[in-house]
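Engineer: Submitted below is the structure of interest, expressed as structure tokens.
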Amino acid sequence: MDSEASQFRITLFIGPQPVKGKPFTYSTVYNVKKRSWKGGVQVAVELEESQINSLSSSIGFPEWLDQALVQVPVEERPAYQERAQDLFVQALAWCKLDLLLQSGITQNNQCITADTFVTELNMVAINKRHFVASHVATELDLLPHHPA
């Protein structure tokens with residue numbers, strides 16, 4: 001993360017979860033607090049399923065996950081795969097949130113809609129595929145693996 005993003009303390013609040021009234025759209029909500037603010041704000045980050053699937057393919061996430069799960073007993077893999085998908089969406093949402101932080105954030109609760117930063121996220125996610133893999137591996141307590 002860059003120096004602008006390091007001015008913030010970011011924690012996952014909830015998600016990803018389906019967005020009511022927006023089929024195939026998921027929201028991940030983060031608590032964001034800038035060091036100079038007295039209080040934090042909530043930022044909902046929306047992602048459409050089509051972009052999630054496209055980025056998953058672009059960065060080789062399914063192949064990476066198959067390789068990472070080799071060490072997991074076969075009967076436990078479905079649970080890991082389900083959790084890994086949520087963690088993948090969280091990592092993409094974090095990348096999208098980082099784009100907002102770099103462009104400037106106000107001290108208000110807000111939503112980064114699914115149609116915001118689409119092109120930028122497509123480029124950033126590929127560059128941050130190691131961050132994405134590391135996030136998933138760490139949360140699943142797997143040895144770190146990196147997509148090709």
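Simple scheme: letters A, B, ... for chains in structure tokens order, numbers from 1 for residues in each chain, numbers from 1 for ligands in the order shown.
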Find the spatial neighbours of Ala125 of chain A, counting only C-alpha atoms, within a cut-off of 8 Å - ignore same-chain residues fewer than 2 positions away - and output them as a list in words.
Structural biologist: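 Using only C-alpha atoms, the neighbours found are Leu55, Ile59, Leu92, Cys95, Leu121, Asn122, Met123, Asn127, Lys128, Arg129 and Val132 of chain A.
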Engineer: Give me the residues of segment 43-85 of chain A that have any atom at most 8 Å from an atom of segment 99-117 of chain A; for each, the nearest atom pair and the distance in Å, rounded to one decimal. Use only C-alpha atoms, sort by chain and number, and format it as CSV.
Structural biologist:
```
residue,atom,partner,partner_atom,distance
A:Val43,CA,A:Gln110,CA,5.0
A:Ala44,CA,A:Cys111,CA,4.5
A:Val45,CA,A:Ile112,CA,4.9
A:Glu46,CA,A:Ala114,CA,4.6
A:Leu47,CA,A:Ala114,CA,4.7
A:Glu48,CA,A:Ala114,CA,5.9
```
Engineer: Could you save those same residues with all heavy atoms as an mmCIF file, in the first residue's frame?
Structural biologist:
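This went into out-v7.cif:
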```cif
data_model
loop_
_atom_site.group_PDB
_atom_site.id
_atom_site.type_symbol
_atom_site.label_atom_id
_atom_site.label_comp_id
_atom_site.auth_asym_id
_atom_site.auth_seq_id
_atom_site.Cartn_x
_atom_site.Cartn_y
_atom_site.Cartn_z
ATOM 1 N N VAL A 43 -17.562 2.141 4.692
ATOM 2 C CA VAL A 43 -17.539 2.190 3.236
ATOM 3 C C VAL A 43 -17.974 0.825 2.716
ATOM 4 O O VAL A 43 -17.323 -0.184 3.002
ATOM 5 C CB VAL A 43 -16.145 2.545 2.690
ATOM 6 C CG1 VAL A 43 -16.156 2.580 1.164
ATOM 7 C CG2 VAL A 43 -15.663 3.882 3.253
ATOM 8 N N ALA A 44 -19.095 0.816 1.998
ATOM 9 C CA ALA A 44 -19.565 -0.404 1.346
ATOM 10 C C ALA A 44 -18.940 -0.451 -0.043
ATOM 11 O O ALA A 44 -18.962 0.534 -0.775
ATOM 12 C CB ALA A 44 -21.086 -0.394 1.244
ATOM 13 N N VAL A 45 -18.381 -1.586 -0.379
ATOM 14 C CA VAL A 45 -17.730 -1.763 -1.681
ATOM 15 C C VAL A 45 -18.513 -2.828 -2.434
ATOM 16 O O VAL A 45 -18.565 -3.975 -2.013
ATOM 17 C CB VAL A 45 -16.260 -2.195 -1.509
ATOM 18 C CG1 VAL A 45 -15.590 -2.356 -2.872
ATOM 19 C CG2 VAL A 45 -15.493 -1.211 -0.646
ATOM 20 N N GLU A 46 -19.121 -2.415 -3.542
ATOM 21 C CA GLU A 46 -19.915 -3.342 -4.348
ATOM 22 C C GLU A 46 -19.097 -3.892 -5.507
ATOM 23 O O GLU A 46 -18.308 -3.175 -6.122
ATOM 24 C CB GLU A 46 -21.154 -2.643 -4.924
ATOM 25 C CG GLU A 46 -22.159 -2.231 -3.891
ATOM 26 C CD GLU A 46 -23.385 -1.560 -4.507
ATOM 27 O OE1 GLU A 46 -23.394 -1.281 -5.726
ATOM 28 O OE2 GLU A 46 -24.340 -1.302 -3.744
ATOM 29 N N LEU A 47 -19.314 -5.170 -5.780
ATOM 30 C CA LEU A 47 -18.701 -5.831 -6.925
ATOM 31 C C LEU A 47 -19.757 -6.686 -7.603
ATOM 32 O O LEU A 47 -20.528 -7.373 -6.923
ATOM 33 C CB LEU A 47 -17.546 -6.736 -6.493
ATOM 34 C CG LEU A 47 -16.300 -6.053 -5.954
ATOM 35 C CD1 LEU A 47 -15.410 -7.045 -5.237
ATOM 36 C CD2 LEU A 47 -15.544 -5.390 -7.089
ATOM 37 N N GLU A 48 -19.782 -6.654 -8.928
ATOM 38 C CA GLU A 48 -20.700 -7.502 -9.670
ATOM 39 C C GLU A 48 -20.071 -8.870 -9.888
ATOM 40 O O GLU A 48 -18.855 -8.987 -10.075
ATOM 41 C CB GLU A 48 -21.054 -6.879 -11.019
ATOM 42 C CG GLU A 48 -21.970 -5.688 -10.882
ATOM 43 C CD GLU A 48 -22.399 -5.107 -12.225
ATOM 44 O OE1 GLU A 48 -21.826 -5.478 -13.276
ATOM 45 O OE2 GLU A 48 -23.307 -4.264 -12.204
#
```
Engineer: In Å to one decimal, how far is atom CA of Asn31 of chain A from atom CA of His130 of chain A?
Structural biologist: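 Interatomic distance here is 23.6 Å.
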Engineer: Using only C-alpha atoms, can you tell me which of A:Ile126, A:Gln81, A:Leu97, A:Glu120 comes closest to Gln67 of chain A?
Structural biologist: A:Gln81
